[in-house]
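*Asks:* Encoded as structure tokens, here's the structure I'll be asking about.
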Amino acid sequence: MSLNDAPSPTTPRRAGRAKVPHVPAVRSCQVSRVTPLTPTIVRLTLAGEDLDGFVSLGPTDHLKLSIPATLVLDAAEAGGATTSLRPDDVVVRDYTPRAYRQAGGTGAPELDLDIALHGTDGPISAWASRAKVGDPVTVAGPRSSKLVPPDATSFLLGCDESGLPAVARWLELVDPAVPVTVLAAVADSTVQDYPLARRQSVVVHWLTQDAAPPAESSTRLETAVREHGPLPDGCFAWFGGEAGSLVGVRRYLRRELGLGADRVEVSGYWRLGAAGYDHHAPLDASDPE
């Protein structure tokens, strides 16, 4: 059956993604390494004995990173920026756990976070662009993991810079024999240096902003999905990135193609102009499902 056709009431529902709960934990650690991956993405390696027992099993897991406002204020001052934070504030944002090592180079457990730098206006970006070894941070979660759907026969993944860490985890967790297509809407060709798994079953399309007319910049993913063609039966689609740019993607996949929630997940990781955007908020106000 072509997925361009709405599923009939007798179409069996697929297994979807199993959810595994974790014991809640808040862990204190510190920055042990700072590794620029591209001009707009930096990898912060955190280390500390509190990270012992950290668990992340799914590609879209997220944790809460907390940093003291003093780190942001110091970074903002060094960069000539201003901020309304007070010294006793704490800044909290959600991030994808990129990699975990029980015994890292420091001797203590290590956790990698890849952070997209949306300029220096955001507090985490301001700090991450100037983070130093020894900076104290706290991580909480993940509270649960959603596993890779076991019955998917192919995957369509889409993202902007903020979703690349999750795409990288998808590529590590999906069976290497299963075909995966990645649509990555990024600022320019320098982001293509971001490390993704390279294998014959993975095809990555880099959709650079400098190759698109300004009026079409925010619709690159939707245009690419439509041009991709019909999704084969058994394909699972996941998209993560700026919320406003993903509304059209979700409407196309869910409404026009008639794909169920067990076949499509679209998650707004941030929203242009909204500080501290809650990724649990409905992506599309006209269709909050």
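How things are named: the first chain in the structure tokens is A, the next is B, and so on; residues count from 1 in each chain; ligands count from 1 in the order shown.
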If DSSP is run on the backbone, what residues of segment 24-82 of chain A are alpha helix (DSSP H)? A reply as number ranges by chain would be ideal.

*Replies:* A: 69-78

*Asks:* Near Val264 of chain A, within 12 Å and counting only C-alpha atoms, which residues show up once chain neighbours fewer than 4 positions away are dropped, as a PDB file with all heavy atoms, in the first residue's frame?

*Replies:*
```pdb
ATOM      1  N   LEU A   3       1.913   4.921   0.976  1.00  0.00           N
ATOM      2  CA  LEU A   3       1.605   5.757   2.131  1.00  0.00           C
ATOM      3  C   LEU A   3       1.038   7.100   1.717  1.00  0.00           C
ATOM      4  O   LEU A   3       0.729   7.938   2.560  1.00  0.00           O
ATOM      5  CB  LEU A   3       2.855   5.939   2.988  1.00  0.00           C
ATOM      6  CG  LEU A   3       3.305   4.663   3.689  1.00  0.00           C
ATOM      7  CD1 LEU A   3       4.483   4.937   4.583  1.00  0.00           C
ATOM      8  CD2 LEU A   3       2.169   4.063   4.490  1.00  0.00           C
ATOM      9  N   ARG A  14       1.222  -0.467  13.994  1.00  0.00           N
ATOM     10  CA  ARG A  14       2.556  -1.011  14.204  1.00  0.00           C
ATOM     11  C   ARG A  14       2.957  -0.899  15.668  1.00  0.00           C
ATOM     12  O   ARG A  14       2.322  -0.222  16.458  1.00  0.00           O
ATOM     13  CB  ARG A  14       3.552  -0.295  13.297  1.00  0.00           C
ATOM     14  CG  ARG A  14       3.272  -0.534  11.810  1.00  0.00           C
ATOM     15  CD  ARG A  14       4.289   0.146  10.926  1.00  0.00           C
ATOM     16  NE  ARG A  14       3.986  -0.120   9.524  1.00  0.00           N
ATOM     17  CZ  ARG A  14       4.406  -1.197   8.860  1.00  0.00           C
ATOM     18  NH1 ARG A  14       5.135  -2.101   9.481  1.00  0.00           N
ATOM     19  NH2 ARG A  14       4.097  -1.379   7.593  1.00  0.00           N
ATOM     20  N   GLY A  16       5.403   0.653  17.061  1.00  0.00           N
ATOM     21  CA  GLY A  16       5.840   1.950  17.553  1.00  0.00           C
ATOM     22  C   GLY A  16       7.099   1.819  18.392  1.00  0.00           C
ATOM     23  O   GLY A  16       7.863   0.862  18.276  1.00  0.00           O
ATOM     24  N   ARG A  17       7.311   2.791  19.275  1.00  0.00           N
ATOM     25  CA  ARG A  17       8.539   2.838  20.063  1.00  0.00           C
ATOM     26  C   ARG A  17       8.260   2.499  21.526  1.00  0.00           C
ATOM     27  O   ARG A  17       7.471   3.173  22.184  1.00  0.00           O
ATOM     28  CB  ARG A  17       9.177   4.230  19.962  1.00  0.00           C
ATOM     29  CG  ARG A  17       9.556   4.621  18.542  1.00  0.00           C
ATOM     30  CD  ARG A  17      10.091   6.030  18.493  1.00  0.00           C
ATOM     31  NE  ARG A  17      11.334   6.148  19.266  1.00  0.00           N
ATOM     32  CZ  ARG A  17      11.912   7.304  19.546  1.00  0.00           C
ATOM     33  NH1 ARG A  17      11.342   8.435  19.155  1.00  0.00           N
ATOM     34  NH2 ARG A  17      13.037   7.346  20.239  1.00  0.00           N
ATOM     35  N   PRO A 149      12.004   1.938  16.865  1.00  0.00           N
ATOM     36  CA  PRO A 149      10.922   0.991  16.542  1.00  0.00           C
ATOM     37  C   PRO A 149      11.477  -0.262  15.882  1.00  0.00           C
ATOM     38  O   PRO A 149      12.178  -0.168  14.864  1.00  0.00           O
ATOM     39  CB  PRO A 149      10.015   1.785  15.597  1.00  0.00           C
ATOM     40  CG  PRO A 149      10.867   2.898  15.072  1.00  0.00           C
ATOM     41  CD  PRO A 149      11.851   3.216  16.148  1.00  0.00           C
ATOM     42  N   ALA A 152      10.417  -1.173  11.923  1.00  0.00           N
ATOM     43  CA  ALA A 152      10.623  -0.248  10.806  1.00  0.00           C
ATOM     44  C   ALA A 152      11.591  -0.861   9.801  1.00  0.00           C
ATOM     45  O   ALA A 152      12.633  -1.416  10.166  1.00  0.00           O
ATOM     46  CB  ALA A 152      11.166   1.078  11.315  1.00  0.00           C
ATOM     47  N   PHE A 155      14.048   4.374   7.431  1.00  0.00           N
ATOM     48  CA  PHE A 155      13.874   5.573   8.251  1.00  0.00           C
ATOM     49  C   PHE A 155      14.093   6.823   7.402  1.00  0.00           C
ATOM     50  O   PHE A 155      14.969   6.853   6.522  1.00  0.00           O
ATOM     51  CB  PHE A 155      14.874   5.594   9.413  1.00  0.00           C
ATOM     52  CG  PHE A 155      14.601   4.560  10.473  1.00  0.00           C
ATOM     53  CD1 PHE A 155      15.097   3.273  10.346  1.00  0.00           C
ATOM     54  CD2 PHE A 155      13.839   4.876  11.587  1.00  0.00           C
ATOM     55  CE1 PHE A 155      14.850   2.319  11.308  1.00  0.00           C
ATOM     56  CE2 PHE A 155      13.577   3.924  12.556  1.00  0.00           C
ATOM     57  CZ  PHE A 155      14.084   2.640  12.421  1.00  0.00           C
ATOM     58  N   LEU A 156      13.289   7.853   7.701  1.00  0.00           N
ATOM     59  CA  LEU A 156      13.480   9.183   7.149  1.00  0.00           C
ATOM     60  C   LEU A 156      13.672  10.115   8.328  1.00  0.00           C
ATOM     61  O   LEU A 156      12.774  10.283   9.158  1.00  0.00           O
ATOM     62  CB  LEU A 156      12.266   9.620   6.316  1.00  0.00           C
ATOM     63  CG  LEU A 156      12.314  11.052   5.775  1.00  0.00           C
ATOM     64  CD1 LEU A 156      13.482  11.240   4.810  1.00  0.00           C
ATOM     65  CD2 LEU A 156      10.995  11.422   5.094  1.00  0.00           C
ATOM     66  N   LEU A 157      14.851  10.707   8.436  1.00  0.00           N
ATOM     67  CA  LEU A 157      15.194  11.568   9.558  1.00  0.00           C
ATOM     68  C   LEU A 157      15.455  12.975   9.053  1.00  0.00           C
ATOM     69  O   LEU A 157      16.109  13.159   8.020  1.00  0.00           O
ATOM     70  CB  LEU A 157      16.444  11.046  10.278  1.00  0.00           C
ATOM     71  CG  LEU A 157      16.455   9.566  10.674  1.00  0.00           C
ATOM     72  CD1 LEU A 157      17.811   9.195  11.279  1.00  0.00           C
ATOM     73  CD2 LEU A 157      15.328   9.262  11.658  1.00  0.00           C
ATOM     74  N   GLY A 158      14.956  13.978   9.773  1.00  0.00           N
ATOM     75  CA  GLY A 158      15.171  15.362   9.371  1.00  0.00           C
ATOM     76  C   GLY A 158      15.493  16.237  10.564  1.00  0.00           C
ATOM     77  O   GLY A 158      15.026  15.973  11.679  1.00  0.00           O
ATOM     78  N   LEU A 231       6.649   7.752   0.890  1.00  0.00           N
ATOM     79  CA  LEU A 231       7.376   6.936   1.858  1.00  0.00           C
ATOM     80  C   LEU A 231       6.930   5.487   1.714  1.00  0.00           C
ATOM     81  O   LEU A 231       5.730   5.215   1.653  1.00  0.00           O
ATOM     82  CB  LEU A 231       7.096   7.423   3.287  1.00  0.00           C
ATOM     83  CG  LEU A 231       7.942   8.597   3.797  1.00  0.00           C
ATOM     84  CD1 LEU A 231       7.676   9.851   2.998  1.00  0.00           C
ATOM     85  CD2 LEU A 231       7.678   8.821   5.278  1.00  0.00           C
ATOM     86  N   GLY A 234       6.313   0.746   6.005  1.00  0.00           N
ATOM     87  CA  GLY A 234       7.311   0.335   6.985  1.00  0.00           C
ATOM     88  C   GLY A 234       8.319   1.410   7.316  1.00  0.00           C
ATOM     89  O   GLY A 234       9.175   1.204   8.180  1.00  0.00           O
ATOM     90  N   CYS A 235       8.224   2.569   6.656  1.00  0.00           N
ATOM     91  CA  CYS A 235       9.163   3.655   6.926  1.00  0.00           C
ATOM     92  C   CYS A 235       8.728   4.426   8.176  1.00  0.00           C
ATOM     93  O   CYS A 235       7.557   4.746   8.339  1.00  0.00           O
ATOM     94  CB  CYS A 235       9.241   4.598   5.731  1.00  0.00           C
ATOM     95  SG  CYS A 235      10.399   5.980   5.968  1.00  0.00           S
ATOM     96  N   PHE A 236       9.671   4.723   9.046  1.00  0.00           N
ATOM     97  CA  PHE A 236       9.430   5.548  10.229  1.00  0.00           C
ATOM     98  C   PHE A 236      10.085   6.899   9.998  1.00  0.00           C
ATOM     99  O   PHE A 236      11.260   6.970   9.607  1.00  0.00           O
ATOM    100  CB  PHE A 236       9.996   4.899  11.482  1.00  0.00           C
ATOM    101  CG  PHE A 236       9.720   5.670  12.750  1.00  0.00           C
ATOM    102  CD1 PHE A 236       8.553   5.461  13.463  1.00  0.00           C
ATOM    103  CD2 PHE A 236      10.627   6.620  13.206  1.00  0.00           C
ATOM    104  CE1 PHE A 236       8.296   6.191  14.631  1.00  0.00           C
ATOM    105  CE2 PHE A 236      10.380   7.352  14.361  1.00  0.00           C
ATOM    106  CZ  PHE A 236       9.206   7.125  15.071  1.00  0.00           C
ATOM    107  N   ALA A 237       9.337   7.989  10.227  1.00  0.00           N
ATOM    108  CA  ALA A 237       9.849   9.343  10.000  1.00  0.00           C
ATOM    109  C   ALA A 237      10.003  10.076  11.323  1.00  0.00           C
ATOM    110  O   ALA A 237       9.075  10.096  12.141  1.00  0.00           O
ATOM    111  CB  ALA A 237       8.913  10.113   9.070  1.00  0.00           C
ATOM    112  N   TRP A 238      11.150  10.680  11.522  1.00  0.00           N
ATOM    113  CA  TRP A 238      11.405  11.495  12.713  1.00  0.00           C
ATOM    114  C   TRP A 238      12.049  12.808  12.281  1.00  0.00           C
ATOM    115  O   TRP A 238      12.974  12.819  11.468  1.00  0.00           O
ATOM    116  CB  TRP A 238      12.336  10.790  13.690  1.00  0.00           C
ATOM    117  CG  TRP A 238      12.661  11.651  14.890  1.00  0.00           C
ATOM    118  CD1 TRP A 238      11.951  11.749  16.048  1.00  0.00           C
ATOM    119  CD2 TRP A 238      13.754  12.572  15.013  1.00  0.00           C
ATOM    120  NE1 TRP A 238      12.532  12.672  16.880  1.00  0.00           N
ATOM    121  CE2 TRP A 238      13.636  13.192  16.273  1.00  0.00           C
ATOM    122  CE3 TRP A 238      14.815  12.929  14.174  1.00  0.00           C
ATOM    123  CZ2 TRP A 238      14.551  14.148  16.723  1.00  0.00           C
ATOM    124  CZ3 TRP A 238      15.715  13.896  14.610  1.00  0.00           C
ATOM    125  CH2 TRP A 238      15.584  14.486  15.882  1.00  0.00           C
ATOM    126  N   PHE A 239      11.542  13.925  12.859  1.00  0.00           N
ATOM    127  CA  PHE A 239      12.106  15.239  12.582  1.00  0.00           C
ATOM    128  C   PHE A 239      12.248  16.004  13.890  1.00  0.00           C
ATOM    129  O   PHE A 239      11.361  15.954  14.750  1.00  0.00           O
ATOM    130  CB  PHE A 239      11.198  16.032  11.630  1.00  0.00           C
ATOM    131  CG  PHE A 239      11.284  15.585  10.200  1.00  0.00           C
ATOM    132  CD1 PHE A 239      10.652  14.413   9.801  1.00  0.00           C
ATOM    133  CD2 PHE A 239      12.007  16.302   9.268  1.00  0.00           C
ATOM    134  CE1 PHE A 239      10.731  13.976   8.487  1.00  0.00           C
ATOM    135  CE2 PHE A 239      12.090  15.875   7.951  1.00  0.00           C
ATOM    136  CZ  PHE A 239      11.458  14.709   7.555  1.00  0.00           C
ATOM    137  N   GLY A 240      13.357  16.722  14.037  1.00  0.00           N
ATOM    138  CA  GLY A 240      13.571  17.553  15.211  1.00  0.00           C
ATOM    139  C   GLY A 240      14.316  18.820  14.833  1.00  0.00           C
ATOM    140  O   GLY A 240      15.267  18.774  14.043  1.00  0.00           O
ATOM    141  N   VAL A 249       6.035  20.274   7.839  1.00  0.00           N
ATOM    142  CA  VAL A 249       6.480  18.883   7.718  1.00  0.00           C
ATOM    143  C   VAL A 249       5.464  17.950   8.364  1.00  0.00           C
ATOM    144  O   VAL A 249       5.049  16.941   7.777  1.00  0.00           O
ATOM    145  CB  VAL A 249       7.863  18.695   8.379  1.00  0.00           C
ATOM    146  CG1 VAL A 249       8.240  17.219   8.437  1.00  0.00           C
ATOM    147  CG2 VAL A 249       8.923  19.486   7.632  1.00  0.00           C
ATOM    148  N   ARG A 250       5.033  18.305   9.581  1.00  0.00           N
ATOM    149  CA  ARG A 250       4.085  17.455  10.297  1.00  0.00           C
ATOM    150  C   ARG A 250       2.737  17.393   9.576  1.00  0.00           C
ATOM    151  O   ARG A 250       2.126  16.320   9.458  1.00  0.00           O
ATOM    152  CB  ARG A 250       3.897  17.954  11.725  1.00  0.00           C
ATOM    153  CG  ARG A 250       3.036  17.035  12.599  1.00  0.00           C
ATOM    154  CD  ARG A 250       2.855  17.620  13.988  1.00  0.00           C
ATOM    155  NE  ARG A 250       2.143  16.691  14.839  1.00  0.00           N
ATOM    156  CZ  ARG A 250       0.828  16.539  14.841  1.00  0.00           C
ATOM    157  NH1 ARG A 250       0.082  17.248  14.009  1.00  0.00           N
ATOM    158  NH2 ARG A 250       0.248  15.673  15.653  1.00  0.00           N
ATOM    159  N   ARG A 251       2.268  18.540   9.104  1.00  0.00           N
ATOM    160  CA  ARG A 251       0.979  18.554   8.404  1.00  0.00           C
ATOM    161  C   ARG A 251       1.033  17.683   7.149  1.00  0.00           C
ATOM    162  O   ARG A 251       0.078  16.976   6.833  1.00  0.00           O
ATOM    163  CB  ARG A 251       0.604  19.995   8.047  1.00  0.00           C
ATOM    164  CG  ARG A 251       0.211  20.843   9.251  1.00  0.00           C
ATOM    165  CD  ARG A 251      -0.113  22.273   8.845  1.00  0.00           C
ATOM    166  NE  ARG A 251      -0.494  23.085  10.003  1.00  0.00           N
ATOM    167  CZ  ARG A 251      -0.754  24.387   9.966  1.00  0.00           C
ATOM    168  NH1 ARG A 251      -0.675  25.038   8.794  1.00  0.00           N
ATOM    169  NH2 ARG A 251      -1.104  25.039  11.053  1.00  0.00           N
ATOM    170  N   TYR A 252       2.145  17.739   6.444  1.00  0.00           N
ATOM    171  CA  TYR A 252       2.275  16.930   5.228  1.00  0.00           C
ATOM    172  C   TYR A 252       2.254  15.439   5.559  1.00  0.00           C
ATOM    173  O   TYR A 252       1.520  14.657   4.943  1.00  0.00           O
ATOM    174  CB  TYR A 252       3.557  17.305   4.499  1.00  0.00           C
ATOM    175  CG  TYR A 252       3.859  16.404   3.321  1.00  0.00           C
ATOM    176  CD1 TYR A 252       3.073  16.423   2.176  1.00  0.00           C
ATOM    177  CD2 TYR A 252       4.936  15.520   3.361  1.00  0.00           C
ATOM    178  CE1 TYR A 252       3.344  15.590   1.103  1.00  0.00           C
ATOM    179  CE2 TYR A 252       5.219  14.684   2.298  1.00  0.00           C
ATOM    180  CZ  TYR A 252       4.419  14.725   1.167  1.00  0.00           C
ATOM    181  OH  TYR A 252       4.687  13.892   0.114  1.00  0.00           O
ATOM    182  N   LEU A 253       3.063  15.038   6.545  1.00  0.00           N
ATOM    183  CA  LEU A 253       3.174  13.615   6.861  1.00  0.00           C
ATOM    184  C   LEU A 253       1.913  13.065   7.519  1.00  0.00           C
ATOM    185  O   LEU A 253       1.432  11.982   7.166  1.00  0.00           O
ATOM    186  CB  LEU A 253       4.383  13.378   7.772  1.00  0.00           C
ATOM    187  CG  LEU A 253       5.753  13.650   7.156  1.00  0.00           C
ATOM    188  CD1 LEU A 253       6.838  13.554   8.215  1.00  0.00           C
ATOM    189  CD2 LEU A 253       6.046  12.684   6.014  1.00  0.00           C
ATOM    190  N   ARG A 254       1.345  13.825   8.465  1.00  0.00           N
ATOM    191  CA  ARG A 254       0.205  13.313   9.213  1.00  0.00           C
ATOM    192  C   ARG A 254      -1.119  13.519   8.469  1.00  0.00           C
ATOM    193  O   ARG A 254      -1.965  12.617   8.427  1.00  0.00           O
ATOM    194  CB  ARG A 254       0.132  13.987  10.592  1.00  0.00           C
ATOM    195  CG  ARG A 254       1.272  13.634  11.539  1.00  0.00           C
ATOM    196  CD  ARG A 254       1.300  12.137  11.897  1.00  0.00           C
ATOM    197  NE  ARG A 254       0.028  11.668  12.360  1.00  0.00           N
ATOM    198  CZ  ARG A 254      -0.429  11.808  13.613  1.00  0.00           C
ATOM    199  NH1 ARG A 254       0.309  12.416  14.507  1.00  0.00           N
ATOM    200  NH2 ARG A 254      -1.607  11.339  13.954  1.00  0.00           N
ATOM    201  N   ARG A 255      -1.319  14.727   7.904  1.00  0.00           N
ATOM    202  CA  ARG A 255      -2.615  15.035   7.282  1.00  0.00           C
ATOM    203  C   ARG A 255      -2.669  14.583   5.817  1.00  0.00           C
ATOM    204  O   ARG A 255      -3.587  13.865   5.410  1.00  0.00           O
ATOM    205  CB  ARG A 255      -2.890  16.537   7.370  1.00  0.00           C
ATOM    206  CG  ARG A 255      -3.067  17.061   8.788  1.00  0.00           C
ATOM    207  CD  ARG A 255      -3.434  18.537   8.740  1.00  0.00           C
ATOM    208  NE  ARG A 255      -3.472  19.152  10.069  1.00  0.00           N
ATOM    209  CZ  ARG A 255      -3.778  20.431  10.284  1.00  0.00           C
ATOM    210  NH1 ARG A 255      -4.045  21.222   9.255  1.00  0.00           N
ATOM    211  NH2 ARG A 255      -3.787  20.929  11.509  1.00  0.00           N
ATOM    212  N   LEU A 257      -0.426  12.713   3.933  1.00  0.00           N
ATOM    213  CA  LEU A 257      -0.101  11.305   3.692  1.00  0.00           C
ATOM    214  C   LEU A 257      -0.897  10.370   4.584  1.00  0.00           C
ATOM    215  O   LEU A 257      -0.950   9.176   4.327  1.00  0.00           O
ATOM    216  CB  LEU A 257       1.398  11.058   3.890  1.00  0.00           C
ATOM    217  CG  LEU A 257       2.354  11.785   2.948  1.00  0.00           C
ATOM    218  CD1 LEU A 257       3.771  11.259   3.126  1.00  0.00           C
ATOM    219  CD2 LEU A 257       1.923  11.640   1.493  1.00  0.00           C
ATOM    220  N   GLY A 258      -1.497  10.903   5.633  1.00  0.00           N
ATOM    221  CA  GLY A 258      -2.329  10.081   6.505  1.00  0.00           C
ATOM    222  C   GLY A 258      -1.567   9.110   7.371  1.00  0.00           C
ATOM    223  O   GLY A 258      -2.106   8.076   7.771  1.00  0.00           O
ATOM    224  N   LEU A 259      -0.316   9.412   7.691  1.00  0.00           N
ATOM    225  CA  LEU A 259       0.489   8.515   8.515  1.00  0.00           C
ATOM    226  C   LEU A 259       0.115   8.672   9.988  1.00  0.00           C
ATOM    227  O   LEU A 259      -0.078   9.779  10.470  1.00  0.00           O
ATOM    228  CB  LEU A 259       1.974   8.796   8.321  1.00  0.00           C
ATOM    229  CG  LEU A 259       2.495   8.714   6.881  1.00  0.00           C
ATOM    230  CD1 LEU A 259       3.985   8.991   6.848  1.00  0.00           C
ATOM    231  CD2 LEU A 259       2.187   7.349   6.289  1.00  0.00           C
ATOM    232  N   GLY A 260       0.072   7.582  10.715  1.00  0.00           N
ATOM    233  CA  GLY A 260      -0.293   7.605  12.119  1.00  0.00           C
ATOM    234  C   GLY A 260       0.850   8.039  13.017  1.00  0.00           C
ATOM    235  O   GLY A 260       2.009   8.128  12.603  1.00  0.00           O
ATOM    236  N   GLU A 289      -2.362  17.149  18.574  1.00  0.00           N
ATOM    237  CA  GLU A 289      -2.121  15.737  18.884  1.00  0.00           C
ATOM    238  C   GLU A 289      -0.629  15.420  18.894  1.00  0.00           C
ATOM    239  O   GLU A 289       0.101  15.827  18.008  1.00  0.00           O
ATOM    240  CB  GLU A 289      -2.805  14.860  17.839  1.00  0.00           C
ATOM    241  CG  GLU A 289      -2.585  13.371  18.080  1.00  0.00           C
ATOM    242  CD  GLU A 289      -3.082  12.519  16.922  1.00  0.00           C
ATOM    243  OE1 GLU A 289      -3.756  13.057  16.046  1.00  0.00           O
ATOM    244  OE2 GLU A 289      -2.788  11.325  16.909  1.00  0.00           O
TER     245      GLU A 289
END
```

*Asks:* How would you write, as JSON, numbers by chain, the set of residues in segment 3-206 of chain A that DSSP gives as strand (DSSP E)?

*Replies:* {"A": [19, 20, 21, 26, 27, 28, 29, 30, 31, 32, 33, 34, 35, 36, 37, 38, 41, 42, 43, 44, 45, 46, 47, 63, 64, 65, 66, 67, 68, 90, 91, 92, 93, 94, 95, 97, 98, 99, 100, 101, 110, 111, 112, 113, 114, 115, 116, 136, 137, 138, 139, 140, 144, 145, 146, 154, 155, 156, 157, 158, 159, 180, 181, 182, 183, 184, 185, 186, 202, 203, 204, 205, 206]}

*Asks:* May I have a table of the residues of segment 116-214 of chain A lying at most 8 Å from segment 266-275 of chain A, giving each one's closest pair of atoms and their distance in Å to one decimal, counting only C-alpha atoms, ordered by chain and ascending residue number, as JSON lines?

*Replies:*
```
{"residue": "A:Gly122", "atom": "CA", "partner": "A:Ala275", "partner_atom": "CA", "distance": 7.4}
{"residue": "A:Ser162", "atom": "CA", "partner": "A:Tyr269", "partner_atom": "CA", "distance": 7.1}
{"residue": "A:Gly163", "atom": "CA", "partner": "A:Tyr269", "partner_atom": "CA", "distance": 7.4}
```

*Asks:* Using only C-alpha atoms, which of A:Pro195, A:Pro150, A:Pro68, A:Pro142 sits nearest Val91 of chain A?

*Replies:* A:Pro68

*Asks:* Could you check the closest approach to Glu49 of chain A for each of A:Arg93, A:Arg226, A:Arg33, A:Arg27 and tell me which residue wins, using only C-alpha atoms?

*Replies:*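 For Glu49 of chain A, the nearest of the given residues is A:Arg27.
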
*Asks:* Considering only C-alpha atoms, state which residue in the set A:Leu183, A:Leu221, A:Ala47, A:Val72 is at the smallest distance from Arg86 of chain A.

*Replies:* A:Val72
